[in-house]
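**Q** This is the content of structure27.cif (mmCIF, C-alpha atoms and all ligand atoms):
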data_input
loop_
_atom_site.label_atom_id
_atom_site.label_comp_id
_atom_site.auth_asym_id
_atom_site.auth_seq_id
_atom_site.Cartn_x
_atom_site.Cartn_y
_atom_site.Cartn_z
CA MET H 641 29.96 -46.29 -6.61
CA LEU H 642 27.72 -43.74 -8.30
CA LYS H 643 27.51 -44.20 -12.03
CA LEU H 644 25.81 -42.07 -14.66
CA GLU H 645 25.09 -43.64 -18.04
CA ASN H 646 24.19 -41.47 -21.02
CA ILE H 647 22.22 -38.92 -19.07
CA THR H 648 20.47 -36.60 -21.48
CA LYS H 649 18.31 -33.66 -20.68
CA GLN H 650 16.55 -30.85 -22.51
CA ILE H 651 15.07 -27.71 -21.06
CA ALA H 652 12.33 -26.13 -23.14
CA GLY H 653 13.45 -28.06 -26.22
CA ARG H 654 17.09 -27.01 -25.81
CA PRO H 655 19.63 -29.76 -25.15
CA ILE H 656 21.47 -29.06 -21.89
CA LEU H 657 23.05 -32.44 -21.18
CA LYS H 658 23.97 -34.94 -23.84
CA ASP H 659 25.17 -38.47 -23.07
CA VAL H 660 26.84 -37.62 -19.81
CA SER H 661 28.55 -40.74 -18.46
CA PHE H 662 30.95 -41.09 -15.57
CA GLU H 663 31.51 -43.11 -12.46
CA VAL H 664 32.86 -42.01 -9.13
CA THR H 665 34.68 -44.60 -7.04
CA GLN H 666 34.02 -45.04 -3.33
CA GLY H 667 36.14 -42.65 -1.28
CA GLN H 668 37.46 -40.78 -4.29
CA THR H 669 36.97 -37.22 -5.44
CA LEU H 670 35.54 -36.67 -8.88
CA CYS H 671 35.79 -33.23 -10.42
CA ILE H 672 33.35 -32.16 -13.07
CA VAL H 673 34.97 -29.35 -15.00
CA GLY H 674 33.82 -27.22 -17.88
CA PRO H 675 33.17 -23.62 -18.83
CA SER H 676 30.30 -21.59 -17.48
CA GLY H 677 26.99 -22.69 -18.99
CA ALA H 678 28.26 -26.19 -19.84
CA GLY H 679 25.65 -27.79 -17.58
CA LYS H 680 27.71 -28.58 -14.48
CA THR H 681 25.12 -27.33 -12.02
CA THR H 682 22.42 -29.12 -13.97
CA ILE H 683 24.26 -32.44 -13.58
CA LEU H 684 24.46 -31.92 -9.82
CA ARG H 685 20.79 -30.99 -9.65
CA THR H 686 20.01 -34.16 -11.59
CA ILE H 687 22.04 -36.37 -9.26
CA ILE H 688 20.41 -34.91 -6.17
CA GLY H 689 16.93 -35.05 -7.64
CA LEU H 690 16.14 -31.34 -7.84
CA THR H 691 15.58 -31.70 -11.56
CA ASN H 692 14.68 -34.67 -13.74
CA TYR H 693 16.38 -36.07 -16.82
CA ASP H 694 14.98 -37.35 -20.09
CA SER H 695 16.98 -40.51 -20.67
CA GLY H 696 19.92 -42.49 -19.37
CA GLU H 697 20.44 -44.25 -16.10
CA ILE H 698 21.94 -43.62 -12.70
CA LEU H 699 23.32 -46.53 -10.68
CA LEU H 700 24.32 -46.56 -7.03
CA ASN H 701 26.50 -49.55 -6.10
CA GLY H 702 25.22 -51.31 -9.19
CA GLN H 703 21.55 -50.77 -8.35
CA LYS H 704 19.29 -48.46 -10.30
CA PHE H 705 19.13 -45.21 -8.38
CA ILE H 706 16.26 -42.81 -8.80
CA PRO H 707 17.23 -39.42 -7.43
CA GLN H 708 14.40 -38.15 -5.34
CA ILE H 709 14.12 -35.35 -2.90
CA ASP H 710 12.73 -37.40 -0.07
CA ASN H 711 13.77 -40.03 2.43
CA ILE H 712 15.52 -42.15 -0.17
CA ASN H 713 18.19 -39.51 -0.53
CA GLN H 714 18.60 -38.96 3.13
CA GLY H 715 21.92 -40.42 4.09
CA VAL H 716 22.89 -41.02 0.50
CA ILE H 717 23.76 -37.67 -1.01
CA GLY H 718 24.58 -34.40 0.68
CA VAL H 719 25.15 -31.14 -1.11
CA VAL H 720 26.95 -27.87 -0.55
CA PHE H 721 25.29 -25.33 -2.80
CA GLN H 722 27.29 -22.66 -4.59
CA ASP H 723 25.54 -19.97 -2.56
CA PHE H 724 25.41 -22.25 0.54
CA ARG H 725 21.69 -21.67 1.17
CA LEU H 726 21.90 -21.67 4.92
CA PHE H 727 18.59 -21.15 6.63
CA SER H 728 18.74 -17.44 7.31
CA HIS H 729 16.47 -17.53 10.37
CA LEU H 730 18.46 -20.26 12.12
CA SER H 731 21.75 -20.05 13.98
CA THR H 732 24.77 -22.08 12.94
CA ALA H 733 23.97 -24.84 15.43
CA GLU H 734 20.29 -24.84 14.44
CA ASN H 735 21.16 -25.05 10.77
CA ILE H 736 23.17 -28.19 11.49
CA SER H 737 20.72 -29.86 13.86
CA LEU H 738 17.44 -29.12 12.08
CA ALA H 739 17.37 -32.15 9.78
CA PRO H 740 18.66 -34.66 12.35
CA ARG H 741 16.07 -33.34 14.76
CA LEU H 742 13.23 -33.74 12.28
CA LYS H 743 14.35 -36.79 10.35
CA THR H 744 16.12 -39.12 12.73
CA LYS H 745 15.15 -40.90 15.92
CA THR H 746 18.20 -39.60 17.78
CA THR H 747 17.59 -38.02 21.17
CA PRO H 748 18.06 -34.26 21.65
CA LYS H 749 21.14 -35.01 23.75
CA GLU H 750 22.73 -37.13 21.05
CA ILE H 751 21.91 -34.52 18.43
CA GLN H 752 23.50 -31.81 20.53
CA ALA H 753 26.62 -33.92 21.01
CA ALA H 754 26.82 -34.67 17.28
CA THR H 755 26.31 -31.01 16.43
CA GLU H 756 29.06 -29.95 18.81
CA LYS H 757 31.38 -32.52 17.30
CA LEU H 758 30.71 -31.20 13.79
CA LEU H 759 31.17 -27.62 14.95
CA ALA H 760 34.52 -28.52 16.45
CA GLN H 761 35.56 -30.53 13.41
CA LEU H 762 34.93 -27.57 11.14
CA GLY H 763 36.30 -24.93 13.49
CA LEU H 764 32.91 -23.35 14.11
CA THR H 765 32.53 -23.84 17.85
CA ASP H 766 32.65 -20.11 18.60
CA LYS H 767 30.18 -19.42 15.78
CA ALA H 768 27.49 -21.79 17.06
CA ASP H 769 25.05 -19.05 18.02
CA LEU H 770 25.66 -16.68 15.13
CA TYR H 771 23.24 -16.29 12.23
CA PRO H 772 24.27 -16.69 8.58
CA PHE H 773 24.33 -12.93 7.94
CA GLN H 774 27.00 -12.63 10.63
CA LEU H 775 29.34 -15.14 8.97
CA SER H 776 32.00 -14.76 6.28
CA GLY H 777 31.76 -16.73 3.04
CA GLY H 778 34.22 -19.36 4.21
CA GLN H 779 32.39 -19.78 7.52
CA LYS H 780 29.05 -20.13 5.74
CA GLN H 781 30.54 -22.79 3.54
CA ARG H 782 31.73 -24.75 6.55
CA VAL H 783 28.27 -24.52 8.13
CA ALA H 784 26.81 -25.84 4.87
CA ILE H 785 29.26 -28.76 4.99
CA ALA H 786 28.43 -29.51 8.61
CA ARG H 787 24.71 -29.35 7.82
CA ALA H 788 25.16 -31.90 5.02
CA LEU H 789 27.48 -34.13 7.08
CA ALA H 790 25.00 -34.25 9.95
CA LEU H 791 23.00 -36.77 7.94
CA HIS H 792 26.09 -38.91 7.23
CA PRO H 793 25.86 -38.89 3.43
CA GLN H 794 27.75 -41.49 1.40
CA ILE H 795 28.42 -38.89 -1.27
CA LEU H 796 29.01 -35.18 -0.82
CA CYS H 797 28.41 -32.91 -3.81
CA TRP H 798 29.91 -29.45 -4.12
CA ASP H 799 28.87 -26.79 -6.59
CA GLU H 800 31.70 -24.35 -7.37
CA PRO H 801 33.16 -24.39 -3.85
CA THR H 802 35.67 -21.64 -4.60
CA SER H 803 33.43 -19.19 -6.44
CA ALA H 804 31.95 -17.37 -3.45
CA LEU H 805 35.25 -17.15 -1.57
CA ASP H 806 38.27 -14.87 -1.58
CA PRO H 807 41.09 -16.35 -3.69
CA ASP H 808 43.27 -16.88 -0.64
CA MET H 809 40.54 -19.04 0.89
CA ARG H 810 40.91 -21.56 -1.92
CA ASP H 811 43.59 -23.55 -0.14
CA ASN H 812 41.31 -23.93 2.86
CA VAL H 813 38.73 -25.62 0.64
CA VAL H 814 41.43 -27.88 -0.75
CA SER H 815 42.34 -29.03 2.74
CA LEU H 816 38.67 -29.40 3.71
CA ILE H 817 38.09 -31.70 0.77
CA GLU H 818 41.25 -33.62 1.66
CA GLN H 819 40.08 -33.92 5.25
CA LEU H 820 36.73 -35.38 4.18
CA LYS H 821 38.49 -37.73 1.81
CA GLN H 822 40.46 -39.06 4.77
CA GLU H 823 37.10 -39.91 6.30
CA ASN H 824 36.29 -41.96 3.24
CA ILE H 825 33.55 -39.66 1.96
CA THR H 826 33.01 -39.87 -1.77
CA GLN H 827 32.93 -36.39 -3.28
CA ILE H 828 31.71 -34.91 -6.52
CA VAL H 829 33.03 -31.41 -7.05
CA VAL H 830 31.80 -29.14 -9.80
CA THR H 831 34.18 -26.35 -10.74
CA HIS H 832 35.30 -24.22 -13.66
CA ASP H 833 38.63 -23.64 -11.89
CA LEU H 834 41.08 -26.10 -13.49
CA ASP H 835 43.91 -25.24 -11.10
CA PHE H 836 41.73 -26.04 -8.17
CA ALA H 837 40.45 -29.23 -9.80
CA GLN H 838 43.98 -30.44 -10.32
CA LYS H 839 44.71 -30.08 -6.61
CA ILE H 840 41.79 -32.19 -5.41
CA ALA H 841 40.71 -34.54 -8.17
CA ASP H 842 41.28 -38.28 -8.25
CA GLN H 843 39.22 -38.38 -11.43
CA THR H 844 38.09 -35.62 -13.75
CA TYR H 845 35.10 -35.46 -16.05
CA GLU H 846 35.14 -32.77 -18.68
CA LEU H 847 31.88 -31.32 -19.73
CA ALA H 848 31.92 -29.56 -23.07
CA PRO H 849 29.14 -27.15 -23.92
CA ILE H 850 26.70 -28.47 -26.51
CA LYS H 851 26.85 -26.48 -29.73
CA MET S 88 -15.10 18.02 32.24
CA ASN S 89 -17.46 16.36 34.60
CA TRP S 90 -15.74 13.39 36.23
CA HIS S 91 -18.93 12.21 37.76
CA TYR S 92 -20.59 11.98 34.35
CA ILE S 93 -17.61 10.13 32.92
CA SER S 94 -17.63 7.54 35.68
CA GLU S 95 -21.34 7.07 35.05
CA ILE S 96 -21.06 6.26 31.35
CA LEU S 97 -17.69 4.49 31.48
CA PRO S 98 -19.10 1.04 32.37
CA ALA S 99 -21.32 1.11 29.28
CA LEU S 100 -18.38 2.18 27.12
CA LEU S 101 -16.20 -0.56 28.55
CA ASP S 102 -18.93 -3.08 27.82
CA GLY S 103 -18.91 -1.83 24.25
CA THR S 104 -15.12 -2.13 24.22
CA LYS S 105 -15.50 -5.78 25.18
CA MET S 106 -17.68 -6.38 22.14
CA THR S 107 -15.23 -4.49 19.93
CA LEU S 108 -12.35 -6.56 21.26
CA SER S 109 -14.27 -9.83 20.84
CA ILE S 110 -14.81 -9.09 17.17
CA PHE S 111 -11.20 -8.00 16.85
CA VAL S 112 -9.60 -10.99 18.57
CA LEU S 113 -11.88 -13.65 17.08
CA THR S 114 -11.44 -12.22 13.60
CA LEU S 115 -7.66 -12.37 13.95
CA VAL S 116 -7.65 -15.86 15.43
CA LEU S 117 -9.82 -17.22 12.62
CA ALA S 118 -8.78 -15.09 9.65
CA ILE S 119 -5.02 -15.56 9.99
CA PRO S 120 -5.05 -19.37 9.60
CA LEU S 121 -7.77 -19.10 6.94
CA GLY S 122 -5.75 -16.48 5.06
CA LEU S 123 -2.69 -18.70 5.25
CA LEU S 124 -4.61 -21.65 3.80
CA VAL S 125 -6.01 -19.45 1.03
CA SER S 126 -2.56 -18.08 0.18
CA VAL S 127 -1.18 -21.61 -0.11
CA GLY S 128 -4.22 -22.54 -2.23
CA LEU S 129 -3.59 -19.57 -4.50
CA HIS S 130 -0.28 -21.22 -5.40
CA SER S 131 -1.94 -24.60 -5.96
CA GLU S 132 -1.08 -26.69 -8.99
CA PHE S 133 -4.78 -27.58 -9.10
CA LYS S 134 -5.89 -24.67 -11.27
CA PRO S 135 -9.66 -24.68 -10.52
CA LEU S 136 -8.91 -24.27 -6.81
CA ALA S 137 -6.51 -21.41 -7.47
CA ALA S 138 -9.09 -19.76 -9.75
CA VAL S 139 -11.92 -20.02 -7.21
CA LEU S 140 -9.71 -18.60 -4.47
CA LYS S 141 -8.59 -15.78 -6.73
CA LEU S 142 -12.23 -14.92 -7.40
CA TYR S 143 -12.95 -14.98 -3.68
CA VAL S 144 -10.05 -12.64 -2.88
CA TRP S 145 -11.07 -10.34 -5.70
CA LEU S 146 -14.68 -10.16 -4.49
CA MET S 147 -13.76 -9.55 -0.87
CA ARG S 148 -11.22 -6.87 -1.64
CA GLY S 149 -13.20 -5.24 -4.39
CA THR S 150 -16.43 -4.65 -2.45
CA PRO S 151 -16.99 -2.69 0.77
CA LEU S 152 -16.91 -4.57 4.04
CA LEU S 153 -20.08 -2.69 4.97
CA LEU S 154 -21.86 -4.19 1.97
CA GLN S 155 -20.63 -7.66 2.97
CA LEU S 156 -21.91 -7.20 6.52
CA ILE S 157 -25.33 -6.09 5.31
CA PHE S 158 -25.38 -8.92 2.77
CA VAL S 159 -24.66 -11.57 5.37
CA PHE S 160 -27.05 -10.34 8.04
CA TYR S 161 -29.91 -8.72 6.10
CA GLY S 162 -29.46 -10.27 2.66
CA LEU S 163 -28.89 -13.97 3.28
CA PRO S 164 -32.12 -14.50 5.30
CA ILE S 165 -33.97 -13.82 2.05
CA VAL S 166 -32.52 -17.10 0.79
CA HIS S 167 -33.14 -18.69 4.21
CA ILE S 168 -29.60 -18.49 5.52
CA VAL S 169 -29.99 -16.89 8.91
CA PHE S 170 -27.13 -15.85 11.17
CA GLN S 171 -27.29 -14.49 14.68
CA ARG S 172 -26.11 -10.89 14.84
CA PHE S 173 -22.75 -11.70 16.35
CA SER S 174 -22.10 -14.71 14.11
CA ALA S 175 -23.06 -12.67 11.06
CA ALA S 176 -20.62 -9.94 12.01
CA LEU S 177 -17.86 -12.40 12.77
CA PHE S 178 -18.46 -14.39 9.60
CA ALA S 179 -18.32 -11.29 7.41
CA PHE S 180 -15.20 -10.00 9.15
CA VAL S 181 -13.39 -13.33 8.96
CA ILE S 182 -14.01 -13.91 5.25
CA ASN S 183 -13.19 -10.29 4.46
CA TYR S 184 -9.99 -10.12 6.46
CA ALA S 185 -8.86 -13.61 5.43
CA ALA S 186 -8.85 -12.34 1.84
CA TYR S 187 -6.65 -9.37 2.73
CA PHE S 188 -4.36 -11.58 4.80
CA ALA S 189 -4.17 -14.14 1.99
CA GLU S 190 -2.98 -11.45 -0.38
CA ILE S 191 -0.30 -10.35 2.09
CA PHE S 192 0.81 -13.95 2.71
CA ARG S 193 0.87 -14.66 -1.03
CA GLY S 194 3.30 -11.80 -1.53
CA GLY S 195 5.31 -12.97 1.47
CA LEU S 196 5.51 -16.53 0.15
CA GLN S 197 6.89 -15.23 -3.13
CA GLY S 198 9.49 -13.36 -1.13
CA VAL S 199 10.80 -16.55 0.51
CA ASP S 200 13.86 -17.62 -1.46
CA ARG S 201 13.30 -20.76 -3.50
CA GLY S 202 16.85 -21.84 -2.58
CA GLN S 203 15.88 -22.11 1.09
CA ILE S 204 13.18 -24.60 0.14
CA GLU S 205 15.54 -26.62 -2.06
CA ALA S 206 18.02 -26.73 0.80
CA GLY S 207 15.26 -28.19 2.96
CA GLN S 208 14.39 -30.73 0.27
CA MET S 209 18.01 -31.77 0.03
CA LEU S 210 18.01 -32.52 3.73
CA GLY S 211 15.10 -34.87 3.14
CA LEU S 212 12.48 -32.73 4.85
CA ASN S 213 8.92 -33.25 3.65
CA SER S 214 6.69 -30.42 2.41
CA PHE S 215 5.03 -29.94 5.76
CA GLN S 216 8.33 -29.79 7.63
CA ILE S 217 9.68 -27.32 5.10
CA PHE S 218 6.60 -25.15 5.48
CA ARG S 219 6.58 -25.35 9.26
CA HIS S 220 10.31 -24.87 9.90
CA ILE S 221 11.55 -22.81 6.96
CA THR S 222 8.83 -21.05 4.98
CA LEU S 223 6.56 -20.03 7.84
CA PRO S 224 9.16 -18.42 10.11
CA GLN S 225 10.60 -16.49 7.17
CA LEU S 226 7.12 -15.52 6.02
CA VAL S 227 6.22 -14.12 9.44
CA LYS S 228 9.14 -11.71 9.37
CA GLN S 229 8.25 -10.54 5.89
CA VAL S 230 4.58 -9.90 6.53
CA ILE S 231 4.71 -8.17 9.91
CA PRO S 232 4.67 -4.59 8.53
CA ALA S 233 1.76 -5.19 6.15
CA MET S 234 -0.12 -7.27 8.71
CA GLY S 235 0.39 -4.47 11.22
CA ASN S 236 -1.51 -2.05 9.02
CA GLU S 237 -4.38 -4.48 8.62
CA VAL S 238 -4.54 -5.19 12.33
CA ILE S 239 -4.86 -1.48 13.09
CA ASN S 240 -7.50 -1.20 10.37
CA LEU S 241 -9.40 -4.08 11.92
CA VAL S 242 -9.76 -2.31 15.26
CA LYS S 243 -11.31 0.66 13.52
CA ASP S 244 -13.33 -1.41 11.03
CA SER S 245 -14.89 -3.32 13.90
CA SER S 246 -17.06 -0.24 14.46
CA LEU S 247 -18.93 -1.24 11.28
CA VAL S 248 -20.80 -3.89 13.28
CA TYR S 249 -22.84 -0.87 14.35
CA VAL S 250 -25.10 -1.45 11.33
CA LEU S 251 -26.05 -4.88 12.61
CA GLY S 252 -27.15 -3.38 15.92
CA LEU S 253 -24.38 -4.98 17.92
CA GLY S 254 -23.47 -3.17 21.13
CA ASP S 255 -19.90 -2.25 20.35
CA LEU S 256 -17.88 0.71 21.63
CA LEU S 257 -19.14 3.13 18.99
CA ARG S 258 -22.77 2.24 19.63
CA ALA S 259 -22.34 2.65 23.38
CA GLY S 260 -20.89 6.12 22.82
CA ASN S 261 -23.59 7.08 20.37
CA ILE S 262 -26.39 6.01 22.70
CA ALA S 263 -24.95 8.06 25.57
CA MET S 264 -24.50 11.08 23.32
CA ALA S 265 -28.06 10.99 22.02
CA ARG S 266 -29.51 10.47 25.49
CA ASP S 267 -27.46 13.08 27.35
CA VAL S 268 -26.93 15.53 24.50
CA THR S 269 -23.19 15.90 25.07
CA LEU S 270 -20.02 15.30 23.09
CA VAL S 271 -18.20 13.73 26.01
CA PRO S 272 -19.13 10.10 25.18
CA LEU S 273 -17.84 10.39 21.62
CA LEU S 274 -14.61 11.97 22.85
CA LEU S 275 -14.19 9.09 25.26
CA VAL S 276 -14.85 6.63 22.45
CA ALA S 277 -12.12 8.30 20.41
CA ILE S 278 -9.72 8.11 23.35
CA ILE S 279 -10.44 4.41 23.86
CA TYR S 280 -9.80 3.69 20.15
CA LEU S 281 -6.57 5.68 20.34
CA LEU S 282 -5.48 3.68 23.38
CA LEU S 283 -6.26 0.41 21.62
CA THR S 284 -4.33 1.35 18.50
CA ALA S 285 -1.42 2.67 20.59
CA VAL S 286 -1.14 -0.62 22.47
CA LEU S 287 -1.31 -2.57 19.20
CA THR S 288 1.28 -0.37 17.53
CA TRP S 289 3.58 -0.94 20.48
CA GLY S 290 2.99 -4.70 20.31
CA LEU S 291 3.69 -4.79 16.59
CA ARG S 292 6.91 -2.82 17.05
CA SER S 293 8.11 -5.35 19.63
CA LEU S 294 7.25 -8.20 17.29
CA GLU S 295 9.17 -6.51 14.51
CA ARG S 296 12.12 -6.00 16.82
CA HIS S 297 11.96 -9.64 17.88
CA TYR S 298 12.22 -10.75 14.26
CA SER S 299 15.06 -8.39 13.44
CA TYR S 300 17.54 -10.83 15.00
CA TYR S 301 18.44 -12.03 11.50
CA GLU S 302 18.61 -10.59 8.01
N1 LIG Q 1 15.79 -23.90 -15.21
C1 LIG Q 1 16.39 -23.62 -16.38
N2 LIG Q 1 15.67 -23.11 -17.40
C2 LIG Q 1 16.26 -22.82 -18.59
N3 LIG Q 1 17.55 -22.98 -18.84
C3 LIG Q 1 18.33 -23.47 -17.86
C4 LIG Q 1 17.80 -23.81 -16.58
N4 LIG Q 1 18.81 -24.26 -15.82
C5 LIG Q 1 19.92 -24.21 -16.59
N5 LIG Q 1 19.63 -23.75 -17.82
C6 LIG Q 1 20.58 -23.59 -18.91
O1 LIG Q 1 21.34 -24.74 -18.97
C7 LIG Q 1 22.68 -24.43 -19.29
C8 LIG Q 1 23.60 -25.03 -18.27
O2 LIG Q 1 23.43 -24.37 -17.04
P1 LIG Q 1 24.26 -24.75 -15.75
O3 LIG Q 1 24.04 -26.19 -15.46
O4 LIG Q 1 23.90 -23.79 -14.69
O5 LIG Q 1 25.74 -24.51 -16.23
P2 LIG Q 1 27.07 -24.35 -15.38
O6 LIG Q 1 26.78 -24.71 -13.96
O7 LIG Q 1 28.04 -25.29 -16.03
O8 LIG Q 1 27.50 -22.94 -15.51
C9 LIG Q 1 22.79 -22.92 -19.36
O9 LIG Q 1 22.77 -22.55 -20.72
C10 LIG Q 1 21.54 -22.44 -18.69
O10 LIG Q 1 21.11 -21.25 -19.26
MG MG Q 2 26.93 -23.59 -12.23
#
Could you express the structure from this file as structure tokens?
Ligand SMILES: Nc1ncnc2c1ncn2[C@@H]1O[C@H](COP(=O)(O)OP(=O)(O)O)[C@@H](O)[C@H]1O
Ligand SMILES: [Mg+2]

**A**
Amino acid sequence: MLKLENITKQIAGRPILKDVSFEVTQGQTLCIVGPSGAGKTTILRTIIGLTNYDSGEILLNGQKFIPQIDNINQGVIGVVFQDFRLFSHLSTAENISLAPRLKTKTTPKEIQAATEKLLAQLGLTDKADLYPFQLSGGQKQRVAIARALALHPQILCWDEPTSALDPDMRDNVVSLIEQLKQENITQIVVTHDLDFAQKIADQTYELAPIK
Amino acid sequence: MNWHYISEILPALLDGTKMTLSIFVLTLVLAIPLGLLVSVGLHSEFKPLAAVLKLYVWLMRGTPLLLQLIFVFYGLPIVHIVFQRFSAALFAFVINYAAYFAEIFRGGLQGVDRGQIEAGQMLGLNSFQIFRHITLPQLVKQVIPAMGNEVINLVKDSSLVYVLGLGDLLRAGNIAMARDVTLVPLLLVAIIYLLLTAVLTWGLRSLERHYSYYE
């Protein structure tokens, strides 16, 4: 579905990514594993268009795909950042509904219904009016997922989904990822936690640090 | 104290207060958006623009407001740029305060987490939507304390229009004092300024409390 071919990138003359190639299949979960500093976050940032790459190609369903942070990406790729990056001045419900409200032609009523559905799906109904600073790490993560899902992405990217959580929350993330897989959402999960990767991955791509 | 005397001069003082408040309100209404534009321009990728704006802020903050007022009203006519008294005062106040506000907003913009903006980009929001719905609300919270100081300063600074011969609160008090040879008018002027700053301080506190709903 999404295919990277020989993606190479330097930052300030230093090679960060070298010939990164992988393909994630529709509805599957791809884990990108590797030690800290290997460039995992950089790959994600490249796919979602927050940073550019020097050479190589990205294909989406066989078509050349140019990651760009604008309308093109809307509905294609969603992301759950490592530190979640919820909008601190907006409540849970507002975090989820902001982009649909601004970017889609849906009516306020439909948006509210969709938001409530996402809240229920992620067990956040009673947190709808709380602000990010009032939520636990796991709750913030679920808000971040709901916010991304509100735009119905074809691919959901995760950066280190277990790193900001208590160890005993890890299994919750595993079941969340499973749940989304049931809904046929393609997922790319970056992690340095091999145990965790083993539990969720259909495919694994190993990223070795460049010497 | 002579209540009769006070009631006699109060109308003139209140008239002066009106002028003081006009300068105050109009300066805020014009200088806040201008300051915001300048602060965004200071971050511009287009370096000449950023440099010109930096020079402007430096000039405005590095020279006395009194000098700027005199320059605009008494100086510019020499090169055939003539302002009415009130427009001259307002112009000088707006460009001076916009520079101070721009500096405050610039600091505030730096304080808005880059990650919040990236999150907005990832949701496909355009730059304007990100500014309007993410950066601006977070900026407001950050700048309220510093803006509060400037707003209080502005009330007091407005008395500088005195030098242009505008009939503000201070002038009204001074005229009554000179005419009636008594300190009462100036005391009343002080009380009116204190009331104005007290009301503003209260308003700013409420605003701060309003924005404390999140961290
Ligand atoms: N903006 C940047 N400027 C300079 N170096 C960077 C930047 N982003 C990442 N790097 C470097 O690229 C390498 C890979 O970083 P990253 O993708 O965050 O690794 P990982 O997520 O696997 O820990 C690191 O050595 C990091 O220092
Ligand atoms: Mg990382």

**Q** For Leu142 (chain S), which residue out of S:Leu283, S:Leu275, S:Ala99, S:Val125 is the nearest one, using only C-alpha atoms?

**A**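 The closest residue to Leu142 (chain S) is S:Val125.
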
**Q** For CA of Asn213 (chain S) and CA of Leu738 (chain H), quote the distance in Å rounded to one decimal.

**A** 12.7 Å

**Q** Restrict the calculation to all atoms listed in the file, then for each residue of chain H with any atom at most 10 Å from an atom of ligand LIG 1 (chain Q) give the closest atom pair and their distance in Å to one decimal, rows by chain and rising residue number, as a tab-separated table.

**A**
residue	atom	partner	partner_atom	distance
H:Lys649	CA	Q:LIG1	O1	9.6
H:Gln650	CA	Q:LIG1	O1	8.5
H:Ile651	CA	Q:LIG1	C2	5.6
H:Ala652	CA	Q:LIG1	C2	6.9
H:Gly653	CA	Q:LIG1	C2	9.7
H:Arg654	CA	Q:LIG1	N3	8.1
H:Pro655	CA	Q:LIG1	O1	8.1
H:Ile656	CA	Q:LIG1	O1	5.2
H:Leu657	CA	Q:LIG1	C8	8.0
H:Ile672	CA	Q:LIG1	O7	9.2
H:Val673	CA	Q:LIG1	O7	8.1
H:Gly674	CA	Q:LIG1	O7	6.4
H:Pro675	CA	Q:LIG1	O7	6.1
H:Ser676	CA	Q:LIG1	O8	3.7
H:Gly677	CA	Q:LIG1	O8	3.5
H:Ala678	CA	Q:LIG1	O7	3.9
H:Gly679	CA	Q:LIG1	O3	3.1
H:Lys680	CA	Q:LIG1	O7	3.7
H:Thr681	CA	Q:LIG1	O6	3.7
H:Thr682	CA	Q:LIG1	O3	3.7
H:Ile683	CA	Q:LIG1	O3	6.5
H:Leu684	CA	Q:LIG1	O3	8.1
H:Arg685	CA	Q:LIG1	O3	8.2
H:Thr686	CA	Q:LIG1	O3	9.7
H:Thr691	CA	Q:LIG1	N1	8.6
H:Gln722	CA	Q:LIG1	O6	9.6
H:Asp799	CA	Q:LIG1	O6	7.9
H:Glu800	CA	Q:LIG1	O6	8.2
H:Val830	CA	Q:LIG1	O6	7.9
H:Thr831	CA	Q:LIG1	O7	8.2
H:His832	CA	Q:LIG1	O7	7.7
H:Leu847	CA	Q:LIG1	O7	8.0
H:Ala848	CA	Q:LIG1	O7	9.1
H:Pro849	CA	Q:LIG1	O7	8.2
H:Ile850	CA	Q:LIG1	O9	9.2

**Q** Could the residues in this selection be written to a file with C-alpha atoms, as a JSON list (two decimals), keeping the file's coordinate frame?

**A**
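Generated output (out.json):
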[["chain", "number", "residue", "atom", "x", "y", "z"],
["H", 649, "LYS", "CA", 18.31, -33.66, -20.68],
["H", 650, "GLN", "CA", 16.55, -30.85, -22.51],
["H", 651, "ILE", "CA", 15.07, -27.71, -21.06],
["H", 652, "ALA", "CA", 12.33, -26.13, -23.14],
["H", 653, "GLY", "CA", 13.45, -28.06, -26.22],
["H", 654, "ARG", "CA", 17.09, -27.01, -25.81],
["H", 655, "PRO", "CA", 19.63, -29.76, -25.15],
["H", 656, "ILE", "CA", 21.47, -29.06, -21.89],
["H", 657, "LEU", "CA", 23.05, -32.44, -21.18],
["H", 672, "ILE", "CA", 33.35, -32.16, -13.07],
["H", 673, "VAL", "CA", 34.97, -29.35, -15.00],
["H", 674, "GLY", "CA", 33.82, -27.22, -17.88],
["H", 675, "PRO", "CA", 33.17, -23.62, -18.83],
["H", 676, "SER", "CA", 30.30, -21.59, -17.48],
["H", 677, "GLY", "CA", 26.99, -22.69, -18.99],
["H", 678, "ALA", "CA", 28.26, -26.19, -19.84],
["H", 679, "GLY", "CA", 25.65, -27.79, -17.58],
["H", 680, "LYS", "CA", 27.71, -28.58, -14.48],
["H", 681, "THR", "CA", 25.12, -27.33, -12.02],
["H", 682, "THR", "CA", 22.42, -29.12, -13.97],
["H", 683, "ILE", "CA", 24.26, -32.44, -13.58],
["H", 684, "LEU", "CA", 24.46, -31.92, -9.82],
["H", 685, "ARG", "CA", 20.79, -30.99, -9.65],
["H", 686, "THR", "CA", 20.01, -34.16, -11.59],
["H", 691, "THR", "CA", 15.58, -31.70, -11.56],
["H", 722, "GLN", "CA", 27.29, -22.66, -4.59],
["H", 799, "ASP", "CA", 28.87, -26.79, -6.59],
["H", 800, "GLU", "CA", 31.70, -24.35, -7.37],
["H", 830, "VAL", "CA", 31.80, -29.14, -9.80],
["H", 831, "THR", "CA", 34.18, -26.35, -10.74],
["H", 832, "HIS", "CA", 35.30, -24.22, -13.66],
["H", 847, "LEU", "CA", 31.88, -31.32, -19.73],
["H", 848, "ALA", "CA", 31.92, -29.56, -23.07],
["H", 849, "PRO", "CA", 29.14, -27.15, -23.92],
["H", 850, "ILE", "CA", 26.70, -28.47, -26.51]]
